[in-house]
>>> print(open('upload.txt').read())   # compact mmCIF, C-alpha atoms
# COMPACT_ATOMS: atom_id res chain seq x y z
CA MET A 15 0.00 0.00 0.00
CA SER A 16 1.31 3.47 -0.88
CA ALA A 17 1.29 6.57 1.31
CA PRO A 18 -2.19 7.89 2.11
CA VAL A 19 -3.69 11.08 0.83
CA PHE A 20 -3.91 12.81 4.21
CA LYS A 21 -7.37 14.26 3.89
CA PRO A 22 -10.08 12.37 5.74
CA MET A 23 -12.87 11.21 3.47
CA SER A 24 -16.30 9.76 4.23
CA VAL A 25 -17.28 6.30 3.03
CA GLU A 26 -19.86 7.90 0.74
CA GLU A 27 -17.29 10.28 -0.78
CA TYR A 28 -14.82 7.43 -1.30
CA LEU A 29 -17.41 5.29 -3.09
CA ARG A 30 -18.52 8.20 -5.28
CA THR A 31 -14.96 9.24 -6.24
CA GLU A 32 -13.68 5.67 -6.65
CA GLU A 33 -15.98 5.26 -9.67
CA THR A 34 -14.11 8.00 -11.56
CA SER A 35 -10.64 7.61 -10.09
CA PRO A 36 -7.88 7.01 -12.69
CA TYR A 37 -6.37 4.36 -10.36
CA LYS A 38 -7.70 1.93 -7.76
CA ARG A 39 -7.62 3.10 -4.16
CA GLU A 40 -8.19 1.35 -0.87
CA TYR A 41 -9.95 3.09 1.99
CA VAL A 42 -8.79 2.48 5.56
CA GLY A 43 -10.39 4.20 8.52
CA GLY A 44 -11.26 7.39 6.65
CA PHE A 45 -8.10 7.69 4.55
CA VAL A 46 -7.51 6.76 0.91
CA TYR A 47 -4.43 4.84 -0.29
CA PRO A 48 -3.54 4.36 -3.98
CA LEU A 49 -3.40 0.60 -4.50
CA HIS A 50 -0.36 0.47 -6.81
CA GLY A 51 0.67 4.10 -6.96
CA THR A 52 -0.50 7.13 -8.82
CA THR A 53 1.79 7.00 -11.85
CA ARG A 54 2.17 4.57 -14.71
CA ALA A 55 5.64 3.65 -13.46
CA GLN A 56 4.12 2.44 -10.18
CA ALA A 57 0.95 0.89 -11.58
CA GLY A 58 0.25 -2.79 -11.99
CA ALA A 59 1.63 -6.01 -10.63
CA SER A 60 4.43 -8.36 -11.63
CA ARG A 61 4.04 -11.19 -14.13
CA ASN A 62 4.24 -13.81 -11.35
CA HIS A 63 1.62 -11.96 -9.28
CA VAL A 64 -0.82 -11.85 -12.19
CA ARG A 65 -0.22 -15.48 -13.23
CA ILE A 66 -0.75 -16.72 -9.66
CA THR A 67 -3.92 -14.66 -9.27
CA VAL A 68 -5.29 -15.97 -12.59
CA ASN A 69 -4.39 -19.57 -11.65
CA ILE A 70 -6.19 -19.32 -8.32
CA THR A 71 -9.21 -17.54 -9.81
CA ARG A 72 -9.50 -20.19 -12.54
CA GLU A 73 -9.22 -23.11 -10.11
CA LEU A 74 -11.70 -21.64 -7.63
CA SER A 75 -14.15 -20.71 -10.40
CA THR A 76 -14.11 -24.31 -11.63
CA ARG A 77 -14.79 -25.56 -8.11
CA ALA A 78 -17.60 -23.01 -7.61
CA GLN A 79 -19.56 -24.11 -10.69
CA GLY A 80 -22.96 -25.43 -9.75
CA THR A 81 -22.86 -23.87 -6.28
CA ASP A 82 -24.14 -20.59 -4.87
CA CYS A 83 -20.55 -19.31 -4.57
CA PHE A 84 -19.04 -16.51 -6.64
CA VAL A 85 -15.34 -15.95 -7.25
CA TYR A 86 -14.02 -12.43 -7.72
CA SER A 87 -10.60 -11.29 -8.84
CA SER A 88 -8.94 -8.06 -7.77
CA ASP A 89 -11.56 -5.67 -9.17
CA MET A 90 -14.26 -6.33 -6.53
CA LYS A 91 -14.02 -4.36 -3.29
CA LEU A 92 -14.48 -5.90 0.15
CA TYR A 93 -16.14 -3.64 2.72
CA ILE A 94 -15.27 -4.29 6.36
CA GLU A 95 -17.93 -2.20 8.04
CA GLY A 96 -16.65 -2.34 11.63
CA ALA A 97 -13.26 -1.03 10.49
CA ARG A 98 -14.68 1.45 7.94
CA THR A 99 -12.34 -0.14 5.41
CA PHE A 100 -12.47 -1.12 1.74
CA TYR A 101 -9.83 -3.46 0.33
CA TYR A 102 -9.38 -5.04 -3.10
CA PRO A 103 -8.36 -8.64 -2.26
CA ASP A 104 -6.53 -10.45 -5.06
CA VAL A 105 -9.17 -13.20 -4.95
CA MET A 106 -12.42 -13.38 -2.97
CA VAL A 107 -15.08 -16.09 -2.69
CA VAL A 108 -18.58 -15.27 -1.46
CA CYS A 109 -21.20 -17.98 -0.97
CA GLY A 110 -24.93 -17.73 -0.43
CA PRO A 111 -27.83 -15.97 -2.06
CA THR A 112 -27.25 -12.48 -3.43
CA ASP A 113 -29.29 -9.73 -1.81
CA PRO A 114 -30.88 -7.84 -4.74
CA ASP A 115 -30.91 -4.64 -2.65
CA ALA A 116 -27.20 -4.80 -1.75
CA PRO A 117 -24.75 -2.47 -3.53
CA ASP A 118 -23.15 -4.14 -6.54
CA THR A 119 -19.72 -2.51 -6.15
CA TYR A 120 -18.56 -4.37 -3.04
CA GLU A 121 -19.04 -7.52 -0.97
CA THR A 122 -19.21 -7.83 2.82
CA ALA A 123 -19.27 -11.54 3.71
CA PRO A 124 -16.52 -13.57 2.02
CA CYS A 125 -15.74 -17.13 3.08
CA LEU A 126 -12.30 -17.17 1.40
CA LEU A 127 -9.79 -14.38 0.78
CA VAL A 128 -6.45 -14.56 -1.03
CA GLU A 129 -3.61 -12.05 -1.14
CA VAL A 130 -0.57 -12.60 -3.36
CA THR A 131 2.39 -10.85 -1.76
CA SER A 132 4.63 -8.24 -3.30
CA ARG A 133 7.51 -6.38 -1.72
CA SER A 134 5.31 -3.34 -1.12
CA THR A 135 2.32 -5.23 0.34
CA VAL A 136 3.69 -8.20 2.27
CA ARG A 137 3.72 -6.47 5.68
CA ASN A 138 0.19 -5.18 5.19
CA ASP A 139 -1.04 -8.62 4.00
CA ARG A 140 0.44 -10.29 7.09
CA HIS A 141 -0.59 -7.71 9.68
CA ALA A 142 -3.31 -5.12 8.95
CA LYS A 143 -5.22 -7.23 6.44
CA TYR A 144 -4.85 -10.35 8.58
CA GLN A 145 -6.40 -8.48 11.53
CA ALA A 146 -9.22 -7.01 9.44
CA TYR A 147 -9.98 -10.16 7.47
CA THR A 148 -9.97 -12.61 10.38
CA ALA A 149 -12.42 -10.37 12.26
CA LEU A 150 -15.05 -11.09 9.58
CA PRO A 151 -17.52 -13.68 10.95
CA SER A 152 -18.09 -15.17 7.47
CA LEU A 153 -14.41 -15.81 6.70
CA GLN A 154 -13.27 -19.44 6.91
CA THR A 155 -9.90 -19.30 5.13
CA TYR A 156 -7.31 -16.59 4.41
CA LEU A 157 -4.44 -17.45 2.05
CA ILE A 158 -1.24 -15.44 1.77
CA VAL A 159 0.58 -16.60 -1.35
CA GLU A 160 4.25 -15.85 -2.04
CA GLN A 161 5.15 -14.99 -5.62
CA HIS A 162 8.93 -15.58 -5.55
CA GLU A 163 8.83 -19.08 -4.04
CA ARG A 164 6.32 -21.93 -3.80
CA ARG A 165 4.95 -21.08 -0.38
CA VAL A 166 1.42 -20.50 0.90
CA TYR A 167 0.33 -19.49 4.39
CA ALA A 168 -3.21 -20.77 4.96
CA TYR A 169 -5.11 -19.46 7.96
CA HIS A 170 -8.15 -21.59 8.86
CA ARG A 171 -10.88 -20.64 11.31
CA GLN A 172 -11.29 -23.15 14.10
CA GLY A 173 -14.03 -21.89 16.36
CA ARG A 174 -12.85 -18.56 17.76
CA THR A 175 -9.20 -19.08 16.85
CA TRP A 176 -7.16 -19.26 13.66
CA LYS A 177 -4.77 -22.08 12.81
CA LEU A 178 -1.84 -21.55 10.44
CA GLN A 179 -0.95 -24.17 7.83
CA GLU A 180 2.28 -23.39 5.99
CA LEU A 181 2.89 -25.17 2.70
CA ALA A 182 6.24 -25.11 0.90
CA SER A 183 7.05 -26.70 -2.48
CA SER A 184 3.97 -28.97 -2.51
CA GLY A 185 0.79 -29.81 -0.67
CA THR A 186 -2.89 -28.93 -0.65
CA VAL A 187 -5.10 -26.47 1.20
CA ASP A 188 -8.63 -27.35 2.29
CA LEU A 189 -11.28 -24.86 1.16
CA PRO A 190 -14.30 -25.62 3.34
CA CYS A 191 -16.66 -23.08 1.77
CA LEU A 192 -16.17 -24.70 -1.66
CA GLY A 193 -15.88 -28.27 -0.37
CA HIS A 194 -12.62 -28.74 -2.33
CA THR A 195 -8.88 -28.36 -2.03
CA LEU A 196 -6.31 -26.23 -3.83
CA SER A 197 -2.82 -27.58 -4.51
CA LEU A 198 0.41 -25.65 -4.83
CA ASP A 199 0.68 -27.16 -8.31
CA ASP A 200 -2.63 -25.43 -9.16
CA VAL A 201 -1.40 -22.14 -7.69
CA TYR A 202 2.00 -22.09 -9.40
CA THR A 203 1.18 -23.53 -12.85
CA GLY A 204 3.37 -21.70 -15.40
CA VAL A 205 5.08 -19.61 -12.71
CA PRO A 206 8.89 -19.92 -12.78
CA VAL A 207 9.67 -20.32 -9.08
>>> encode(input="upload.txt", output="structure tokens")
Amino acid sequence: MSAPVFKPMSVEEYLRTEETSPYKREYVGGFVYPLHGTTRAQAGASRNHVRITVNITRELSTRAQGTDCFVYSSDMKLYIEGARTFYYPDVMVVCGPTDPDAPDTYETAPCLLVEVTSRSTVRNDRHAKYQAYTALPSLQTYLIVEQHERRVYAYHRQGRTWKLQELASSGTVDLPCLGHTLSLDDVYTGVPV
């Protein structure tokens, strides 16, 4: 996450201005942060980051077929109401019926969230986002995926606590909300690590 624009903004103002913003921004506790930076030189993600995100989205979408679950890539916002925060997770899965009266620009009750790390986001993924995400009652699994090595940190809800499963080189992660697993081979297909 980049440096914030130090002018407090209301949730309503953020949502209104995000629609016309030339770059994606996250909103944390009243402040706006450019997601990848405000210039072309800073924009975008690495090849590995994009390939991993596409691999995960493809695999989860296949597993979600025929269910009431929807898989979103990095363009759908997640609103964490208690924290007055909007994030753009790399991958998000939401299960259950869609409320026709709910806003269509963000989700609030994911069962699975995935962040693919980069040098500029790894601390935030492991700390601030971990705290915010694991406070969501609907969340069952949070994956932090490394892009420079075959390593996934899978946090699983077990009652009121979270259990860490670290996978390196190979292995599979249980995805309870989809009733399937995801292997490191699925995650890293075509990624030279």
>>> closest_residue(input="upload.txt", among="A:Lys177, A:Tyr147, A:Ser24, A:Ser75", to="Arg98 of chain A", atoms="all atoms listed in the file")
A:Ser24
>>> closest_atom_pairs(input="upload.txt", of="segment 147-204 of chain A", to="segment 133-137 of chain A", cutoff="12 Å", atoms="all atoms listed in the file", output="Markdown table")
| residue | atom | partner | partner_atom | distance |
| --- | --- | --- | --- | --- |
| A:Ile158 | CA | A:Val136 | CA | 8.8 |
| A:Val159 | CA | A:Val136 | CA | 9.7 |
| A:Glu160 | CA | A:Val136 | CA | 8.8 |
| A:Gln161 | CA | A:Arg133 | CA | 9.7 |
| A:His162 | CA | A:Arg133 | CA | 10.1 |
| A:Tyr167 | CA | A:Val136 | CA | 12.0 |
>>> closest_residue(input="upload.txt", among="A:Val85, A:Leu198, A:Leu150, A:Val105", to="Ser184 of chain A", atoms="all atoms listed in the file")
A:Leu198
>>> closest_residue(input="upload.txt", among="A:Val207, A:Val108, A:Leu181, A:Leu49", to="Leu74 of chain A", atoms="all atoms listed in the file")
A:Val108
>>> closest_residue(input="upload.txt", among="A:Gly80, A:Pro114, A:Gly96, A:Pro206", to="Leu192 of chain A", atoms="only C-alpha atoms")
A:Gly80
>>> residues_around(input="upload.txt", residues="Ser152 of chain A", least_positions_apart="5", cutoff="6 Å", atoms="only C-alpha atoms", output="ChimeraX atom specification")
/A:123-125
>>> atom_distance(input="upload.txt", atom1="atom CA of Leu157 of chain A", atom2="atom CA of Pro111 of chain A")
23.8 Å
>>> residues_around(input="upload.txt", residues="Thr99 of chain A", least_positions_apart="6", cutoff="7 Å", atoms="all atoms listed in the file", output="list of chain:residue names")
A:Tyr41, A:Val42, A:Gly43, A:Tyr93
>>> axis_aligned_box(input="upload.txt", around="segment 80-93 of chain A", padding_each_side="4 Å", output="AutoDock Vina command-line options")
--center_x -16.5 --center_y -14.5 --center_z -3.5 --size_x 23.2 --size_y 29.8 --size_z 20.5
>>> atom_distance(input="upload.txt", atom1="atom CA of Arg174 of chain A", atom2="atom CA of Leu153 of chain A")
11.5 Å
>>> residues_near_point(input="upload.txt", point="(1.2, -8.1, -10.4)", cutoff="12 Å", atoms="all atoms listed in the file", output="VMD selection string")
chain A and resid 49 to 50 56 to 68 88 104 129 to 135 160 to 162
>>> decode(input="upload.txt", residues="segment 108-158 of chain A", atoms="N, CA and C atoms", output="mmCIF file, in the first residue's frame")
data_model
loop_
_atom_site.group_PDB
_atom_site.id
_atom_site.type_symbol
_atom_site.label_atom_id
_atom_site.label_comp_id
_atom_site.auth_asym_id
_atom_site.auth_seq_id
_atom_site.Cartn_x
_atom_site.Cartn_y
_atom_site.Cartn_z
ATOM 1 N N VAL A 108 -17.392 -15.572 -2.250
ATOM 2 C CA VAL A 108 -18.580 -15.270 -1.457
ATOM 3 C C VAL A 108 -19.621 -16.328 -1.786
ATOM 4 N N CYS A 109 -20.194 -16.943 -0.760
ATOM 5 C CA CYS A 109 -21.198 -17.981 -0.967
ATOM 6 C C CYS A 109 -22.521 -17.559 -0.345
ATOM 7 N N GLY A 110 -23.596 -18.028 -0.942
ATOM 8 C CA GLY A 110 -24.926 -17.732 -0.428
ATOM 9 C C GLY A 110 -25.718 -16.908 -1.418
ATOM 10 N N PRO A 111 -26.993 -16.743 -1.141
ATOM 11 C CA PRO A 111 -27.832 -15.972 -2.057
ATOM 12 C C PRO A 111 -27.412 -14.505 -2.096
ATOM 13 N N THR A 112 -27.571 -13.891 -3.255
ATOM 14 C CA THR A 112 -27.246 -12.484 -3.428
ATOM 15 C C THR A 112 -28.454 -11.640 -3.055
ATOM 16 N N ASP A 113 -28.227 -10.653 -2.207
ATOM 17 C CA ASP A 113 -29.287 -9.729 -1.814
ATOM 18 C C ASP A 113 -29.493 -8.742 -2.959
ATOM 19 N N PRO A 114 -30.672 -8.727 -3.590
ATOM 20 C CA PRO A 114 -30.882 -7.837 -4.737
ATOM 21 C C PRO A 114 -30.822 -6.351 -4.371
ATOM 22 N N ASP A 115 -30.967 -6.034 -3.085
ATOM 23 C CA ASP A 115 -30.912 -4.635 -2.652
ATOM 24 C C ASP A 115 -29.511 -4.197 -2.226
ATOM 25 N N ALA A 116 -28.559 -5.133 -2.170
ATOM 26 C CA ALA A 116 -27.199 -4.799 -1.751
ATOM 27 C C ALA A 116 -26.474 -4.047 -2.868
ATOM 28 N N PRO A 117 -25.552 -3.160 -2.503
ATOM 29 C CA PRO A 117 -24.754 -2.469 -3.527
ATOM 30 C C PRO A 117 -24.001 -3.494 -4.378
ATOM 31 N N ASP A 118 -23.832 -3.186 -5.660
ATOM 32 C CA ASP A 118 -23.151 -4.139 -6.536
ATOM 33 C C ASP A 118 -21.683 -3.813 -6.760
ATOM 34 N N THR A 119 -21.122 -2.889 -5.981
ATOM 35 C CA THR A 119 -19.717 -2.514 -6.152
ATOM 36 C C THR A 119 -18.813 -3.062 -5.051
ATOM 37 N N TYR A 120 -19.390 -3.762 -4.077
ATOM 38 C CA TYR A 120 -18.564 -4.370 -3.041
ATOM 39 C C TYR A 120 -19.305 -5.533 -2.385
ATOM 40 N N GLU A 121 -18.521 -6.391 -1.737
ATOM 41 C CA GLU A 121 -19.045 -7.518 -0.972
ATOM 42 C C GLU A 121 -18.701 -7.301 0.503
ATOM 43 N N THR A 122 -19.429 -8.001 1.384
ATOM 44 C CA THR A 122 -19.205 -7.828 2.821
ATOM 45 C C THR A 122 -19.006 -9.133 3.581
ATOM 46 N N ALA A 123 -19.295 -10.269 2.964
ATOM 47 C CA ALA A 123 -19.274 -11.537 3.707
ATOM 48 C C ALA A 123 -18.551 -12.641 2.945
ATOM 49 N N PRO A 124 -17.248 -12.508 2.722
ATOM 50 C CA PRO A 124 -16.516 -13.569 2.019
ATOM 51 C C PRO A 124 -16.277 -14.767 2.926
ATOM 52 N N CYS A 125 -16.139 -15.948 2.314
ATOM 53 C CA CYS A 125 -15.740 -17.128 3.082
ATOM 54 C C CYS A 125 -14.272 -17.466 2.835
ATOM 55 N N LEU A 126 -13.704 -16.920 1.753
ATOM 56 C CA LEU A 126 -12.303 -17.171 1.404
ATOM 57 C C LEU A 126 -11.705 -15.900 0.816
ATOM 58 N N LEU A 127 -10.523 -15.526 1.322
ATOM 59 C CA LEU A 127 -9.790 -14.376 0.783
ATOM 60 C C LEU A 127 -8.368 -14.807 0.474
ATOM 61 N N VAL A 128 -7.817 -14.252 -0.614
ATOM 62 C CA VAL A 128 -6.453 -14.563 -1.032
ATOM 63 C C VAL A 128 -5.721 -13.269 -1.324
ATOM 64 N N GLU A 129 -4.521 -13.148 -0.784
ATOM 65 C CA GLU A 129 -3.614 -12.052 -1.136
ATOM 66 C C GLU A 129 -2.322 -12.663 -1.644
ATOM 67 N N VAL A 130 -1.857 -12.202 -2.796
ATOM 68 C CA VAL A 130 -0.569 -12.601 -3.356
ATOM 69 C C VAL A 130 0.401 -11.496 -2.973
ATOM 70 N N THR A 131 1.484 -11.861 -2.311
ATOM 71 C CA THR A 131 2.387 -10.850 -1.764
ATOM 72 C C THR A 131 3.218 -10.162 -2.843
ATOM 73 N N SER A 132 3.606 -8.967 -2.537
ATOM 74 C CA SER A 132 4.628 -8.244 -3.299
ATOM 75 C C SER A 132 5.496 -7.546 -2.266
ATOM 76 N N ARG A 133 6.615 -7.038 -2.683
ATOM 77 C CA ARG A 133 7.512 -6.376 -1.724
ATOM 78 C C ARG A 133 6.827 -5.219 -1.007
ATOM 79 N N SER A 134 5.958 -4.516 -1.718
ATOM 80 C CA SER A 134 5.314 -3.340 -1.122
ATOM 81 C C SER A 134 4.087 -3.684 -0.276
ATOM 82 N N THR A 135 3.544 -4.906 -0.393
ATOM 83 C CA THR A 135 2.318 -5.232 0.338
ATOM 84 C C THR A 135 2.464 -6.316 1.387
ATOM 85 N N VAL A 136 3.582 -7.016 1.430
ATOM 86 C CA VAL A 136 3.695 -8.203 2.274
ATOM 87 C C VAL A 136 3.436 -7.894 3.751
ATOM 88 N N ARG A 137 3.952 -6.811 4.254
ATOM 89 C CA ARG A 137 3.722 -6.470 5.677
ATOM 90 C C ARG A 137 2.246 -6.207 5.931
ATOM 91 N N ASN A 138 1.612 -5.479 5.029
ATOM 92 C CA ASN A 138 0.194 -5.182 5.186
ATOM 93 C C ASN A 138 -0.647 -6.453 5.093
ATOM 94 N N ASP A 139 -0.313 -7.354 4.156
ATOM 95 C CA ASP A 139 -1.043 -8.618 4.003
ATOM 96 C C ASP A 139 -0.955 -9.461 5.278
ATOM 97 N N ARG A 140 0.212 -9.449 5.911
ATOM 98 C CA ARG A 140 0.438 -10.293 7.089
ATOM 99 C C ARG A 140 -0.042 -9.678 8.395
ATOM 100 N N HIS A 141 -0.234 -8.368 8.415
ATOM 101 C CA HIS A 141 -0.595 -7.714 9.678
ATOM 102 C C HIS A 141 -1.963 -7.042 9.609
ATOM 103 N N ALA A 142 -2.055 -5.884 8.963
ATOM 104 C CA ALA A 142 -3.309 -5.124 8.952
ATOM 105 C C ALA A 142 -4.440 -5.905 8.279
ATOM 106 N N LYS A 143 -4.158 -6.487 7.127
ATOM 107 C CA LYS A 143 -5.219 -7.232 6.439
ATOM 108 C C LYS A 143 -5.565 -8.507 7.203
ATOM 109 N N TYR A 144 -4.568 -9.167 7.769
ATOM 110 C CA TYR A 144 -4.852 -10.352 8.581
ATOM 111 C C TYR A 144 -5.818 -9.986 9.710
ATOM 112 N N GLN A 145 -5.530 -8.896 10.423
ATOM 113 C CA GLN A 145 -6.398 -8.476 11.533
ATOM 114 C C GLN A 145 -7.811 -8.158 11.050
ATOM 115 N N ALA A 146 -7.907 -7.403 9.960
ATOM 116 C CA ALA A 146 -9.218 -7.007 9.441
ATOM 117 C C ALA A 146 -9.981 -8.207 8.886
ATOM 118 N N TYR A 147 -9.309 -9.035 8.106
ATOM 119 C CA TYR A 147 -9.977 -10.164 7.469
ATOM 120 C C TYR A 147 -10.455 -11.192 8.496
ATOM 121 N N THR A 148 -9.601 -11.552 9.433
ATOM 122 C CA THR A 148 -9.969 -12.608 10.377
ATOM 123 C C THR A 148 -11.013 -12.142 11.392
ATOM 124 N N ALA A 149 -11.330 -10.871 11.417
ATOM 125 C CA ALA A 149 -12.417 -10.371 12.259
ATOM 126 C C ALA A 149 -13.780 -10.558 11.586
ATOM 127 N N LEU A 150 -13.789 -10.881 10.297
ATOM 128 C CA LEU A 150 -15.050 -11.090 9.575
ATOM 129 C C LEU A 150 -15.670 -12.427 9.995
ATOM 130 N N PRO A 151 -16.894 -12.427 10.502
ATOM 131 C CA PRO A 151 -17.521 -13.678 10.948
ATOM 132 C C PRO A 151 -17.705 -14.710 9.838
ATOM 133 N N SER A 152 -17.853 -14.257 8.593
ATOM 134 C CA SER A 152 -18.087 -15.172 7.472
ATOM 135 C C SER A 152 -16.820 -15.868 6.987
ATOM 136 N N LEU A 153 -15.653 -15.290 7.279
ATOM 137 C CA LEU A 153 -14.407 -15.807 6.703
ATOM 138 C C LEU A 153 -14.022 -17.143 7.325
ATOM 139 N N GLN A 154 -13.714 -18.122 6.463
ATOM 140 C CA GLN A 154 -13.267 -19.438 6.912
ATOM 141 C C GLN A 154 -11.788 -19.673 6.635
ATOM 142 N N THR A 155 -11.282 -19.065 5.530
ATOM 143 C CA THR A 155 -9.896 -19.300 5.126
ATOM 144 C C THR A 155 -9.304 -18.021 4.552
ATOM 145 N N TYR A 156 -8.062 -17.711 4.976
ATOM 146 C CA TYR A 156 -7.305 -16.590 4.413
ATOM 147 C C TYR A 156 -5.973 -17.140 3.933
ATOM 148 N N LEU A 157 -5.692 -16.970 2.631
ATOM 149 C CA LEU A 157 -4.445 -17.450 2.046
ATOM 150 C C LEU A 157 -3.530 -16.279 1.726
ATOM 151 N N ILE A 158 -2.289 -16.379 2.171
ATOM 152 C CA ILE A 158 -1.243 -15.442 1.774
ATOM 153 C C ILE A 158 -0.281 -16.244 0.907
#
